[in-house]
file run.cif (mmCIF, C-alpha atoms)
data_structure
#
loop_
_atom_site.label_atom_id
_atom_site.label_comp_id
_atom_site.auth_asym_id
_atom_site.auth_seq_id
_atom_site.Cartn_x
_atom_site.Cartn_y
_atom_site.Cartn_z
CA MET O 1 23.87 -2.12 -22.89
CA ILE O 2 25.06 0.71 -25.09
CA ARG O 3 21.72 1.73 -26.59
CA TYR O 4 18.12 0.77 -25.97
CA ALA O 5 14.70 1.13 -27.56
CA THR O 6 12.32 3.28 -25.47
CA SER O 7 9.33 1.04 -26.21
CA ARG O 8 11.17 -2.06 -24.94
CA LEU O 9 12.29 -0.26 -21.82
CA ILE O 10 8.68 0.77 -21.14
CA ILE O 11 7.54 -2.87 -21.46
CA LEU O 12 10.27 -3.81 -18.98
CA GLY O 13 9.04 -0.97 -16.74
CA MET O 14 5.51 -2.41 -16.77
CA VAL O 15 6.87 -5.80 -15.71
CA ALA O 16 8.96 -4.08 -13.01
CA LEU O 17 5.83 -2.34 -11.66
CA GLY O 18 4.14 -5.74 -11.30
CA PHE O 19 7.16 -7.01 -9.36
CA GLU O 20 7.29 -3.90 -7.15
CA MET O 21 3.66 -4.25 -6.09
CA THR O 22 3.76 -7.99 -5.48
CA ALA O 23 7.02 -9.88 -5.01
CA LEU O 24 9.30 -6.99 -4.00
CA ALA O 25 6.74 -5.68 -1.47
CA GLY O 26 7.11 -8.97 0.40
CA PHE O 27 10.89 -8.53 0.60
CA SER O 28 10.77 -5.05 2.14
CA ILE O 29 12.99 -4.20 5.11
CA GLY O 30 11.23 -1.79 7.47
CA GLY O 31 9.10 -0.54 4.58
CA ALA O 32 12.14 0.04 2.36
CA ARG O 33 12.35 -1.97 -0.84
CA ILE O 34 14.09 -2.17 -4.19
CA GLU O 35 12.96 0.69 -6.42
CA ALA O 36 13.16 -1.20 -9.69
CA LEU O 37 11.55 1.55 -11.77
CA ALA O 38 13.86 4.22 -10.32
CA GLY O 39 16.84 1.99 -11.14
CA LEU O 40 15.59 1.54 -14.71
CA ALA O 41 15.10 5.31 -15.06
CA CYS O 42 18.72 5.86 -13.97
CA LEU O 43 19.88 3.32 -16.57
CA ALA O 44 17.66 5.00 -19.18
CA ALA O 45 19.26 8.39 -18.46
CA LEU O 46 22.81 6.97 -18.36
CA PHE O 47 22.59 5.06 -21.64
CA ALA O 48 20.25 7.32 -23.63
CA ARG O 49 21.12 7.93 -27.27
CA ASP O 50 20.35 11.62 -26.82
CA ARG O 51 18.85 13.93 -24.22
CA SER O 52 15.25 13.63 -25.45
CA GLN O 53 15.28 9.82 -25.37
CA GLY O 54 16.54 9.76 -21.77
CA LEU O 55 13.97 12.30 -20.61
CA ILE O 56 11.00 10.67 -22.37
CA ALA O 57 11.94 7.18 -21.15
CA ALA O 58 12.41 8.30 -17.53
CA TRP O 59 9.22 10.38 -17.54
CA THR O 60 7.20 7.46 -18.93
CA LEU O 61 8.64 5.12 -16.29
CA GLY O 62 7.55 7.66 -13.66
CA LEU O 63 4.08 7.74 -15.16
CA ILE O 64 3.94 3.92 -14.99
CA LYS O 65 4.86 4.16 -11.30
CA ASP O 66 2.03 6.68 -10.80
CA ILE O 67 -0.47 4.12 -12.11
CA GLY O 68 0.19 1.88 -9.12
CA SER O 69 0.18 4.63 -6.51
CA LEU O 70 -2.50 6.13 -4.31
CA GLY O 71 -1.32 9.74 -4.61
CA PRO O 72 -2.03 12.26 -7.38
CA MET O 73 -0.98 11.31 -10.91
CA GLY O 74 2.23 12.95 -12.14
CA ILE O 75 4.22 13.16 -8.89
CA ASN O 76 6.53 10.27 -9.77
CA ALA O 77 6.69 11.38 -13.42
CA LEU O 78 7.96 14.80 -12.34
CA ALA O 79 10.48 13.31 -9.87
CA PHE O 80 11.79 10.84 -12.47
CA LEU O 81 12.06 13.63 -15.06
CA ALA O 82 14.05 15.92 -12.74
CA THR O 83 16.38 13.07 -11.73
CA ALA O 84 16.92 12.00 -15.35
CA ALA O 85 17.72 15.60 -16.32
CA ALA O 86 20.35 15.75 -13.55
CA ILE O 87 21.87 12.38 -14.57
CA LEU O 88 21.97 13.45 -18.22
CA GLN O 89 23.99 16.50 -17.15
CA ALA O 90 26.28 14.45 -14.90
CA ARG O 91 26.91 11.56 -17.31
CA GLN O 92 29.48 13.64 -19.21
CA VAL O 93 31.81 13.28 -16.25
CA VAL O 94 30.82 9.73 -15.24
CA PHE O 95 32.36 6.52 -16.57
CA ARG O 96 28.97 4.91 -17.17
CA GLU O 97 30.22 1.45 -18.21
CA GLN O 98 31.66 0.80 -14.77
CA THR O 99 29.33 -1.07 -12.40
CA LEU O 100 30.37 1.01 -9.39
CA SER O 101 29.53 4.24 -11.23
CA GLN O 102 26.10 2.85 -12.11
CA MET O 103 25.52 1.90 -8.48
CA VAL O 104 26.52 5.37 -7.25
CA VAL O 105 24.26 7.02 -9.85
CA ALA O 106 21.39 4.68 -8.86
CA PHE O 107 21.87 5.49 -5.16
CA ALA O 108 21.86 9.24 -5.82
CA GLY O 109 18.99 8.98 -8.34
CA ALA O 110 16.77 6.80 -6.15
CA SER O 111 17.47 9.06 -3.13
CA THR O 112 16.46 12.15 -5.11
CA ILE O 113 13.27 10.50 -6.36
CA LEU O 114 12.37 9.29 -2.85
CA VAL O 115 13.04 12.70 -1.29
CA MET O 116 10.81 14.41 -3.87
CA THR O 117 7.96 11.89 -3.67
CA GLY O 118 8.29 11.77 0.14
CA MET O 119 7.95 15.53 0.38
CA ALA O 120 4.93 15.41 -1.92
CA ALA O 121 3.30 12.63 0.16
CA SER O 122 4.06 14.47 3.39
CA TRP O 123 2.63 17.70 2.03
CA GLY O 124 -0.38 16.20 0.26
CA ALA O 125 -1.45 13.33 2.51
CA GLY O 126 -0.01 13.67 6.00
CA ALA O 127 3.20 14.09 7.94
CA ILE O 128 5.79 11.31 7.74
CA PRO O 129 8.12 11.16 10.78
CA TRP O 130 11.78 12.05 10.11
CA SER O 131 13.02 8.74 11.48
CA VAL O 132 10.80 6.78 9.05
CA ALA O 133 11.65 9.03 6.10
CA ILE O 134 15.43 9.07 6.48
CA SER O 135 15.84 5.36 7.16
CA ARG O 136 13.53 4.45 4.27
CA ILE O 137 15.25 6.76 1.78
CA LEU O 138 18.75 5.50 2.62
CA LEU O 139 17.80 1.83 2.78
CA SER O 140 15.68 1.88 -0.39
CA ALA O 141 18.40 3.74 -2.30
CA ALA O 142 21.03 1.28 -1.05
CA LEU O 143 18.88 -1.72 -2.06
CA THR O 144 18.27 -0.18 -5.50
CA ALA O 145 22.00 0.49 -5.95
CA GLY O 146 22.76 -3.07 -4.86
CA CYS O 147 20.48 -4.60 -7.47
CA MET O 148 21.77 -2.42 -10.33
CA PRO O 149 23.97 -5.18 -11.83
CA VAL O 150 20.93 -7.48 -11.88
CA LEU O 151 18.72 -4.76 -13.39
CA LYS O 152 21.30 -4.01 -16.07
CA PHE O 153 21.62 -7.69 -16.86
CA LEU O 154 17.81 -8.07 -17.09
CA ALA O 155 17.53 -4.97 -19.28
CA GLY O 156 20.25 -6.35 -21.55
CA THR O 157 18.62 -9.82 -21.68
CA ALA O 158 15.21 -8.36 -22.45
CA ARG O 159 16.75 -6.28 -25.21
CA THR O 160 18.32 -9.27 -26.94
CA ALA O 161 15.29 -11.51 -26.30
CA VAL O 162 12.89 -9.04 -27.88
CA ARG O 163 15.23 -8.46 -30.79
CA MET Q 1 17.92 30.46 -27.11
CA ILE Q 2 20.10 27.36 -27.28
CA ALA Q 3 19.52 26.73 -23.56
CA ILE Q 4 15.73 26.93 -24.04
CA ARG Q 5 15.95 24.52 -27.00
CA ARG Q 6 18.03 22.13 -24.90
CA ARG Q 7 15.51 22.31 -22.06
CA ARG Q 8 12.49 22.03 -24.36
CA TRP Q 9 11.70 18.45 -23.34
CA VAL Q 10 12.20 19.11 -19.63
CA LEU Q 11 9.86 22.11 -19.75
CA LEU Q 12 7.26 20.32 -21.87
CA LEU Q 13 7.17 17.10 -19.81
CA GLY Q 14 7.44 19.05 -16.54
CA ALA Q 15 4.46 21.21 -17.48
CA PHE Q 16 2.48 18.11 -18.46
CA SER Q 17 3.35 16.48 -15.10
CA LEU Q 18 2.21 19.58 -13.21
CA ALA Q 19 -1.04 19.58 -15.18
CA LEU Q 20 -1.57 15.92 -14.20
CA ILE Q 21 -0.85 16.71 -10.53
CA LEU Q 22 -3.48 19.45 -10.56
CA ILE Q 23 -6.16 17.04 -11.81
CA PRO Q 24 -8.03 15.67 -8.75
CA SER Q 25 -6.89 12.15 -7.84
CA SER Q 26 -10.47 10.85 -8.00
CA CYS Q 27 -10.59 11.69 -11.73
CA THR Q 28 -7.48 9.67 -12.61
CA GLN Q 29 -7.83 6.87 -10.07
CA ARG Q 30 -10.60 5.04 -12.00
CA VAL Q 31 -8.45 4.95 -15.14
CA ARG Q 32 -5.46 3.78 -13.10
CA LEU Q 33 -7.51 1.00 -11.51
CA LYS Q 34 -8.65 -0.13 -14.95
CA LEU Q 35 -5.05 -0.21 -16.15
CA LEU Q 36 -4.00 -2.10 -13.02
CA SER Q 37 -6.56 -4.82 -13.77
CA ALA Q 38 -4.08 -6.04 -16.40
CA TYR Q 39 -1.92 -7.21 -13.47
CA PHE Q 40 -4.64 -9.27 -11.77
CA PRO Q 41 -3.93 -12.58 -13.61
CA PHE Q 42 -0.21 -12.24 -12.80
CA GLN Q 43 -0.97 -11.77 -9.09
CA ARG Q 44 -2.93 -15.04 -9.05
CA LEU Q 45 -0.02 -16.67 -10.87
CA ALA Q 46 2.43 -15.29 -8.28
CA GLN Q 47 0.24 -16.58 -5.43
CA ALA Q 48 0.05 -20.03 -7.05
CA ALA Q 49 3.81 -20.04 -7.60
CA GLY Q 50 4.34 -19.07 -3.97
CA ARG Q 51 2.31 -22.06 -2.77
CA LEU Q 52 4.01 -24.49 -5.15
CA PRO Q 53 7.15 -25.20 -3.04
CA ALA Q 54 4.98 -26.05 -0.01
CA ARG Q 55 3.00 -28.53 -2.12
CA LEU Q 56 6.05 -30.07 -3.76
CA PHE Q 57 7.98 -30.56 -0.52
CA ALA Q 58 5.01 -31.63 1.61
CA PRO Q 59 5.69 -34.77 3.75
CA ARG Q 60 4.45 -38.03 2.21
CA ASP Q 61 3.69 -39.61 5.59
CA ASP Q 62 -0.10 -39.45 6.14
CA ARG Q 63 -0.08 -40.24 9.89
CA PRO Q 64 -0.16 -36.57 10.97
CA LEU Q 65 -3.09 -36.05 8.62
CA ARG Q 66 -5.00 -39.01 10.12
CA MET Q 67 -4.41 -37.66 13.64
CA GLU Q 68 -5.53 -34.24 12.57
CA ASN Q 69 -8.61 -35.75 10.98
CA ASP Q 70 -9.59 -37.54 14.21
CA PHE Q 71 -9.08 -34.36 16.19
CA LEU Q 72 -11.18 -32.36 13.77
CA ARG Q 73 -14.00 -34.93 13.90
CA SER Q 74 -14.18 -34.57 17.67
CA GLN Q 75 -14.10 -30.80 17.33
CA MET Q 76 -16.92 -30.93 14.81
CA VAL Q 77 -19.29 -32.59 17.27
CA SER Q 78 -18.74 -29.94 19.95
CA LEU Q 79 -18.98 -27.16 17.38
CA GLN Q 80 -22.32 -28.48 16.11
CA ASN Q 81 -23.74 -28.05 19.61
CA GLU Q 82 -22.34 -24.55 19.80
CA ARG Q 83 -23.77 -23.74 16.38
CA ASP Q 84 -27.30 -24.57 17.51
CA LYS Q 85 -26.95 -22.19 20.45
CA LEU Q 86 -25.55 -19.44 18.23
CA ARG Q 87 -28.32 -19.93 15.70
CA LEU Q 88 -30.85 -18.96 18.34
CA LYS Q 89 -28.81 -15.87 19.25
CA LEU Q 90 -28.49 -14.90 15.58
CA GLN Q 91 -32.25 -15.04 15.22
CA GLU Q 92 -32.55 -12.57 18.08
CA VAL Q 93 -29.96 -10.23 16.50
CA SER Q 94 -31.68 -10.41 13.11
CA ASN Q 95 -34.96 -9.42 14.71
CA LEU Q 96 -33.23 -6.43 16.30
CA ARG Q 97 -31.64 -5.41 13.01
CA ASP Q 98 -34.98 -5.44 11.26
CA CYS Q 99 -36.16 -2.89 13.82
CA TRP Q 100 -33.15 -0.62 13.08
CA LYS Q 101 -34.51 1.12 10.01
CA ASP Q 102 -32.40 4.31 9.87
CA TYR Q 103 -29.08 2.76 9.05
CA SER Q 104 -28.39 -0.64 7.55
CA SER Q 105 -25.21 -2.36 6.40
CA ARG Q 106 -24.03 -5.66 4.99
CA LEU Q 107 -20.71 -7.37 4.55
CA LEU Q 108 -19.02 -8.25 1.27
CA HIS Q 109 -15.99 -10.53 1.09
CA ALA Q 110 -13.28 -9.53 -1.36
CA ASN Q 111 -9.93 -10.89 -2.53
CA VAL Q 112 -6.79 -8.79 -2.35
CA VAL Q 113 -5.21 -8.76 -5.82
CA ILE Q 114 -2.48 -6.19 -5.41
CA PRO Q 115 -1.20 -6.20 -1.82
CA ALA Q 116 1.03 -3.12 -1.93
CA ASP Q 117 1.28 0.41 -3.27
CA ALA Q 118 3.85 1.26 -5.94
CA SER Q 119 5.11 4.14 -3.79
CA VAL Q 120 7.03 3.37 -0.60
CA TRP Q 121 5.35 6.36 1.08
CA ARG Q 122 1.74 5.45 0.47
CA LYS Q 123 -0.01 2.35 1.83
CA SER Q 124 -2.84 0.86 -0.18
CA LEU Q 125 -4.11 -2.40 -1.65
CA VAL Q 126 -6.41 -3.28 -4.53
CA LEU Q 127 -9.50 -5.51 -4.17
CA THR Q 128 -11.47 -7.49 -6.75
CA VAL Q 129 -14.78 -5.77 -5.99
CA GLY Q 130 -15.92 -2.46 -7.39
CA SER Q 131 -18.85 -0.16 -7.96
CA LYS Q 132 -20.70 -3.02 -9.71
CA ASN Q 133 -20.79 -4.75 -6.32
CA GLY Q 134 -22.00 -1.63 -4.53
CA ILE Q 135 -18.61 -0.37 -3.37
CA ARG Q 136 -18.39 3.37 -2.81
CA LYS Q 137 -15.66 5.74 -1.66
CA GLY Q 138 -15.22 5.87 2.11
CA MET Q 139 -16.58 2.40 2.96
CA PRO Q 140 -14.67 0.70 5.79
CA VAL Q 141 -12.66 -2.46 5.03
CA LEU Q 142 -12.25 -5.02 7.80
CA TYR Q 143 -10.46 -8.22 8.63
CA GLN Q 144 -12.58 -9.87 11.32
CA THR Q 145 -12.79 -7.14 14.01
CA HIS Q 146 -9.70 -5.26 12.78
CA LEU Q 147 -9.98 -2.15 10.65
CA VAL Q 148 -7.85 -2.55 7.50
CA GLY Q 149 -8.65 0.82 5.94
CA ARG Q 150 -11.28 2.51 3.83
CA VAL Q 151 -12.11 2.55 0.14
CA ASP Q 152 -10.29 5.41 -1.58
CA GLU Q 153 -11.74 4.97 -5.06
CA ALA Q 154 -13.83 2.36 -6.82
CA ALA Q 155 -13.78 1.38 -10.50
CA ASP Q 156 -16.32 -1.03 -12.06
CA SER Q 157 -14.73 -4.27 -10.86
CA SER Q 158 -11.90 -3.19 -8.57
CA CYS Q 159 -11.26 -0.68 -5.82
CA ARG Q 160 -8.27 0.78 -4.02
CA VAL Q 161 -8.20 0.71 -0.23
CA GLN Q 162 -6.27 3.28 1.81
CA LEU Q 163 -4.71 1.34 4.71
CA ILE Q 164 -4.81 2.65 8.28
CA ILE Q 165 -1.00 3.12 8.20
CA ASP Q 166 -1.19 5.44 5.17
CA PRO Q 167 -0.18 9.02 6.11
CA GLY Q 168 -3.51 10.27 4.76
CA PHE Q 169 -5.63 8.08 7.06
CA ARG Q 170 -7.30 9.66 10.10
CA ALA Q 171 -10.03 8.34 12.37
CA GLY Q 172 -11.42 9.01 15.82
CA ALA Q 173 -9.88 6.50 18.24
CA VAL Q 174 -9.70 5.66 21.88
CA ALA Q 175 -7.18 3.68 23.93
CA MET Q 176 -8.96 1.00 25.90
CA PRO Q 177 -7.45 0.88 29.39
CA LYS Q 178 -7.26 -2.51 31.06
CA ALA Q 179 -9.85 -1.37 33.64
CA ALA Q 180 -12.36 -0.77 30.84
CA ARG Q 181 -12.26 -4.44 29.91
CA SER Q 182 -14.05 -5.22 33.15
CA GLY Q 183 -16.96 -3.00 32.26
CA VAL Q 184 -15.83 0.54 33.23
CA ALA Q 185 -17.18 3.09 30.75
CA ILE Q 186 -14.70 5.03 28.60
CA ASP Q 187 -14.74 8.74 29.35
CA LYS Q 188 -15.16 11.14 26.42
CA ARG Q 189 -11.95 13.00 27.31
CA GLN Q 190 -9.89 9.97 26.35
CA VAL Q 191 -10.91 10.18 22.69
CA GLY Q 192 -8.11 11.09 20.29
CA VAL Q 193 -7.26 10.92 16.59
CA PHE Q 194 -5.46 7.96 15.07
CA GLU Q 195 -3.32 8.74 12.02
CA GLY Q 196 -1.04 6.70 9.81
CA THR Q 197 2.63 7.57 9.46
CA SER Q 198 3.63 5.42 6.45
CA GLY Q 199 5.75 3.39 8.90
CA SER Q 200 4.83 0.09 10.50
CA ALA Q 201 2.98 1.89 13.30
CA GLY Q 202 0.41 4.68 13.50
CA ARG Q 203 0.01 7.47 16.07
CA LEU Q 204 -2.71 8.33 18.52
CA LYS Q 205 -2.82 12.13 18.90
CA TRP Q 206 -4.79 14.76 20.78
CA ILE Q 207 -5.40 12.69 23.89
CA LEU Q 208 -4.97 14.36 27.26
CA GLY Q 209 -1.72 13.76 29.13
CA ASN Q 210 -3.51 12.32 32.15
CA THR Q 211 -5.32 9.67 30.10
CA PRO Q 212 -4.68 6.26 31.65
CA ILE Q 213 -2.77 4.36 28.94
CA GLU Q 214 -0.35 1.49 29.28
CA ASN Q 215 1.73 -0.49 26.82
CA ASP Q 216 -0.23 -3.28 25.05
CA ASP Q 217 -3.57 -1.48 25.53
CA TYR Q 218 -5.82 -1.87 22.50
CA VAL Q 219 -6.75 1.19 20.47
CA LEU Q 220 -10.27 1.08 19.05
CA THR Q 221 -12.27 3.27 16.69
CA THR Q 222 -14.91 5.55 18.16
CA GLU Q 223 -18.11 6.89 16.67
CA ASP Q 224 -16.90 8.93 13.67
CA PRO Q 225 -19.86 9.99 11.49
CA VAL Q 226 -17.67 12.15 9.21
CA ASN Q 227 -15.47 9.20 8.20
CA GLY Q 228 -18.31 6.67 8.33
CA ILE Q 229 -16.26 4.26 10.41
CA PRO Q 230 -18.21 2.23 12.98
CA PRO Q 231 -17.03 2.20 16.61
CA GLY Q 232 -15.29 -0.68 18.36
CA LEU Q 233 -12.96 -1.86 15.57
CA ILE Q 234 -9.37 -2.67 16.52
CA LEU Q 235 -6.71 -0.33 15.12
CA GLY Q 236 -3.72 -1.73 16.99
CA ARG Q 237 -1.87 -1.91 20.29
CA VAL Q 238 0.00 0.78 22.21
CA THR Q 239 3.79 0.37 22.08
CA ASP Q 240 6.82 2.36 23.30
CA LEU Q 241 4.85 4.59 25.64
CA PRO Q 242 7.06 7.53 26.77
CA SER Q 243 7.80 7.65 30.51
CA THR Q 244 7.16 11.41 30.69
CA ARG Q 245 4.13 12.89 28.98
CA GLY Q 246 3.26 16.40 27.84
CA ALA Q 247 -0.19 17.92 27.67
CA TYR Q 248 -1.04 16.06 24.45
CA PRO Q 249 1.32 13.11 24.04
CA ASN Q 250 1.73 11.20 20.77
CA VAL Q 251 1.27 7.51 21.40
CA ASN Q 252 2.69 4.84 19.07
CA VAL Q 253 0.06 2.35 17.92
CA GLU Q 254 1.23 -0.80 16.17
CA PRO Q 255 -1.40 -2.61 14.08
CA VAL Q 256 -1.88 -6.28 14.95
CA LEU Q 257 -2.47 -7.19 11.29
CA ASN Q 258 0.26 -7.91 8.76
CA PHE Q 259 -1.13 -6.01 5.78
CA ASN Q 260 1.26 -7.66 3.31
CA GLY Q 261 -0.13 -11.09 4.21
CA LEU Q 262 -3.82 -10.30 3.67
CA GLU Q 263 -5.50 -12.39 0.99
CA GLN Q 264 -9.15 -11.79 1.83
CA VAL Q 265 -10.90 -8.90 3.54
CA THR Q 266 -14.47 -7.77 4.17
CA VAL Q 267 -16.00 -4.52 2.97
CA LEU Q 268 -18.74 -3.02 5.12
CA LEU Q 269 -21.36 -1.88 2.63
CA THR Q 270 -23.09 0.94 4.43
CA ALA Q 271 -26.33 2.31 3.11
CA GLU Q 272 -26.72 6.06 3.03
CA LYS Q 273 -28.72 7.50 5.87
CA PRO Q 274 -32.15 8.71 4.76
CA GLN Q 275 -32.45 12.50 4.64
#

call {"tool": "encode", "arguments": {"input": "run.cif", "output": "structure tokens"}}
result
Amino acid sequence: MIRYATSRLIILGMVALGFEMTALAGFSIGGARIEALAGLACLAALFARDRSQGLIAAWTLGLIKDIGSLGPMGINALAFLATAAAILQARQVVFREQTLSQMVVAFAGASTILVMTGMAASWGAGAIPWSVAISRILLSAALTAGCMPVLKFLAGTARTAVR
Amino acid sequence: MIAIRRRRWVLLLGAFSLALILIPSSCTQRVRLKLLSAYFPFQRLAQAAGRLPARLFAPRDDRPLRMENDFLRSQMVSLQNERDKLRLKLQEVSNLRDCWKDYSSRLLHANVVIPADASVWRKSLVLTVGSKNGIRKGMPVLYQTHLVGRVDEAADSSCRVQLIIDPGFRAGAVAMPKAARSGVAIDKRQVGVFEGTSGSAGRLKWILGNTPIENDDYVLTTEDPVNGIPPGLILGRVTDLPSTRGAYPNVNVEPVLNFNGLEQVTVLLTAEKPQ
């Protein structure tokens, strides 16, 4: 996966949202689950042709996530955008083709997104206990990092299938 | 200048996100529910696919089924007798309800189409009934005598339900001591506030430290006119009660229901009180 088309990645994001709300919700561990859209946003930022493509793709994936959420619209979009901007800065010093690098980026990216959205939920809706928040952030980020090879494979397969 | 040009997209999309956040959730939720309706056929497909292995690998031997059939026949006879008795009681209740003119309600069964929220922090589910069926914001959603949550927003043919474990959920609640089960009245001082924590359990707050509570006590809703939640619905059971209590201890309340496994729920359609 060297380059991607934003429109195809968005279609894959819509499918990922469906999985997150149905199948992946059933496989959650203590409320933590694979953040497929966050993983895709990290891939989008890592393999973007240029800065604008990475930012637009990640922001749109965040907006797709907002569709399925109870909170205010735009929270996930903002978190995805900030994370993508940080990854786009860091990718100059990251060997992005290596699976381990992708997993580390996904762990850091998913953690950042979860911290930001968690703070927003805690501030806007109601307090989330520290024990719940920390365990969920770490576990969800680890699960997302663990499924990065699968996500990259699926993204690559979808790319060739659509083409 | 170059830095601003480089950050043009971040600033533009960030400003747009902030503008979206400032729009009240109720304005965007209807559009989001309409967009989510595109996922409804896939959810049914996923449910059917989930049941497929059980059907394919079901035992071919029909003896257990015959035994079950005989047992159910015998049960049916005793239940028919019970039904006749209950029918008489129902008639009495219906007569009482007709007399209760100020406040009326009816139940509406609904299927759960999307069982989870996209965010790991929020807890909600989407139902197949909407404003066309009389659903309005704030209506309580039940599963038998358990409170599932309340309607957060309703579109034409779907609605989103905020679960009781969502951090934004709050309702008046009371722990039912074991003594109360034998007919002892619950004192008003024992009333607290139940709130979701986004975890698997909720919390009962603002109860006095000397309130008699034990592990496994049920926590029920109390009269809460602001939230429109009827009293006596089960919220969960008390777990991990601390050995030492302060003036206002926080009590862990674990719901009895598995919200991920819900396929059908009931919405309590409450009519507005006459002015």

call {"tool": "resolve_selection", "arguments": {"input": "run.cif", "expression": "the PyMOL selection byres ((chain Q and resi 171) around 9)", "output": "list in words"}}
result
Ile164, Phe169, Arg170, Gly172, Ala173, Gly192, Val193, Phe194, Glu195, Thr221, Thr222, Asp224, Asn227 and Ile229 of chain Q

call {"tool": "resolve_selection", "arguments": {"input": "run.cif", "expression": "the PyMOL selection byres ((chain Q) within 7 of (chain O))", "output": "list in words"}}
result
Trp9, Gly14, Ser17, Leu18, Leu20, Ile21, Ser25, Thr28, Arg32, Leu36, Tyr39, Ile114, Pro115, Ala116, Asp117, Ala118, Ser119, Val120, Trp121, Arg122, Ser124, Pro167, Gly168, Thr197, Ser198, Gly199 and Asn260 of chain Q

call {"tool": "atom_distance", "arguments": {"input": "run.cif", "atom1": "atom CA of Ile234 of chain Q", "atom2": "atom CA of His146 of chain Q"}}
result
4.6 Å

call {"tool": "residues_around", "arguments": {"input": "run.cif", "residues": "segment 135-142 of chain Q", "least_positions_apart": "2", "cutoff": "8 Å", "atoms": "all atoms listed in the file", "output": "list of chain:residue names"}}
result
Q:Val129, Q:Gly130, Q:Ser131, Q:Lys132, Q:Asn133, Q:Gln144, Q:Thr145, Q:His146, Q:Leu147, Q:Val148, Q:Gly149, Q:Arg150, Q:Val151, Q:Asp152, Q:Glu153, Q:Ala154, Q:Cys159, Q:Val161, Q:Asn227, Q:Gly228, Q:Ile229, Q:Val265, Q:Thr266, Q:Val267, Q:Leu268, Q:Leu269, Q:Thr270

call {"tool": "write_last_selection", "arguments": {"input": "run.cif", "atoms": "C-alpha atoms", "output": "short mmCIF file (atom, residue, chain, number, x, y, z; two decimals), keeping the file's coordinate frame"}}
result
data_model
loop_
_atom_site.label_atom_id
_atom_site.label_comp_id
_atom_site.auth_asym_id
_atom_site.auth_seq_id
_atom_site.Cartn_x
_atom_site.Cartn_y
_atom_site.Cartn_z
CA VAL Q 129 -14.78 -5.77 -5.99
CA GLY Q 130 -15.92 -2.46 -7.39
CA SER Q 131 -18.85 -0.16 -7.96
CA LYS Q 132 -20.70 -3.02 -9.71
CA ASN Q 133 -20.79 -4.75 -6.32
CA GLN Q 144 -12.58 -9.87 11.32
CA THR Q 145 -12.79 -7.14 14.01
CA HIS Q 146 -9.70 -5.26 12.78
CA LEU Q 147 -9.98 -2.15 10.65
CA VAL Q 148 -7.85 -2.55 7.50
CA GLY Q 149 -8.65 0.82 5.94
CA ARG Q 150 -11.28 2.51 3.83
CA VAL Q 151 -12.11 2.55 0.14
CA ASP Q 152 -10.29 5.41 -1.58
CA GLU Q 153 -11.74 4.97 -5.06
CA ALA Q 154 -13.83 2.36 -6.82
CA CYS Q 159 -11.26 -0.68 -5.82
CA VAL Q 161 -8.20 0.71 -0.23
CA ASN Q 227 -15.47 9.20 8.20
CA GLY Q 228 -18.31 6.67 8.33
CA ILE Q 229 -16.26 4.26 10.41
CA VAL Q 265 -10.90 -8.90 3.54
CA THR Q 266 -14.47 -7.77 4.17
CA VAL Q 267 -16.00 -4.52 2.97
CA LEU Q 268 -18.74 -3.02 5.12
CA LEU Q 269 -21.36 -1.88 2.63
CA THR Q 270 -23.09 0.94 4.43
#

call {"tool": "atom_distance", "arguments": {"input": "run.cif", "atom1": "atom CA of Ala201 of chain Q", "atom2": "atom CA of Ser158 of chain Q"}}
result
26.9 Å

call {"tool": "build_atoms", "arguments": {"input": "run.cif", "residues": "segment 6-14 of chain Q", "atoms": "N, CA and C atoms", "output": "PDB file, in the coordinates of the input"}}
result
ATOM      1  N   ARG Q   6      17.516  23.319 -25.593  1.00  0.00           N
ATOM      2  CA  ARG Q   6      18.030  22.130 -24.900  1.00  0.00           C
ATOM      3  C   ARG Q   6      17.072  21.656 -23.805  1.00  0.00           C
ATOM      4  N   ARG Q   7      16.406  22.642 -23.174  1.00  0.00           N
ATOM      5  CA  ARG Q   7      15.510  22.310 -22.060  1.00  0.00           C
ATOM      6  C   ARG Q   7      14.060  22.137 -22.514  1.00  0.00           C
ATOM      7  N   ARG Q   8      13.853  22.104 -23.825  1.00  0.00           N
ATOM      8  CA  ARG Q   8      12.490  22.030 -24.360  1.00  0.00           C
ATOM      9  C   ARG Q   8      11.723  20.847 -23.790  1.00  0.00           C
ATOM     10  N   TRP Q   9      12.363  19.668 -23.807  1.00  0.00           N
ATOM     11  CA  TRP Q   9      11.700  18.450 -23.340  1.00  0.00           C
ATOM     12  C   TRP Q   9      11.435  18.493 -21.849  1.00  0.00           C
ATOM     13  N   VAL Q  10      12.390  19.023 -21.085  1.00  0.00           N
ATOM     14  CA  VAL Q  10      12.200  19.110 -19.630  1.00  0.00           C
ATOM     15  C   VAL Q  10      11.007  20.012 -19.323  1.00  0.00           C
ATOM     16  N   LEU Q  11      10.948  21.157 -20.002  1.00  0.00           N
ATOM     17  CA  LEU Q  11       9.860  22.110 -19.750  1.00  0.00           C
ATOM     18  C   LEU Q  11       8.511  21.527 -20.166  1.00  0.00           C
ATOM     19  N   LEU Q  12       8.511  20.878 -21.340  1.00  0.00           N
ATOM     20  CA  LEU Q  12       7.260  20.320 -21.870  1.00  0.00           C
ATOM     21  C   LEU Q  12       6.723  19.211 -20.966  1.00  0.00           C
ATOM     22  N   LEU Q  13       7.598  18.238 -20.644  1.00  0.00           N
ATOM     23  CA  LEU Q  13       7.170  17.100 -19.810  1.00  0.00           C
ATOM     24  C   LEU Q  13       6.888  17.548 -18.379  1.00  0.00           C
ATOM     25  N   GLY Q  14       7.662  18.517 -17.890  1.00  0.00           N
ATOM     26  CA  GLY Q  14       7.440  19.050 -16.540  1.00  0.00           C
ATOM     27  C   GLY Q  14       6.081  19.742 -16.445  1.00  0.00           C
TER      28      GLY Q  14
END
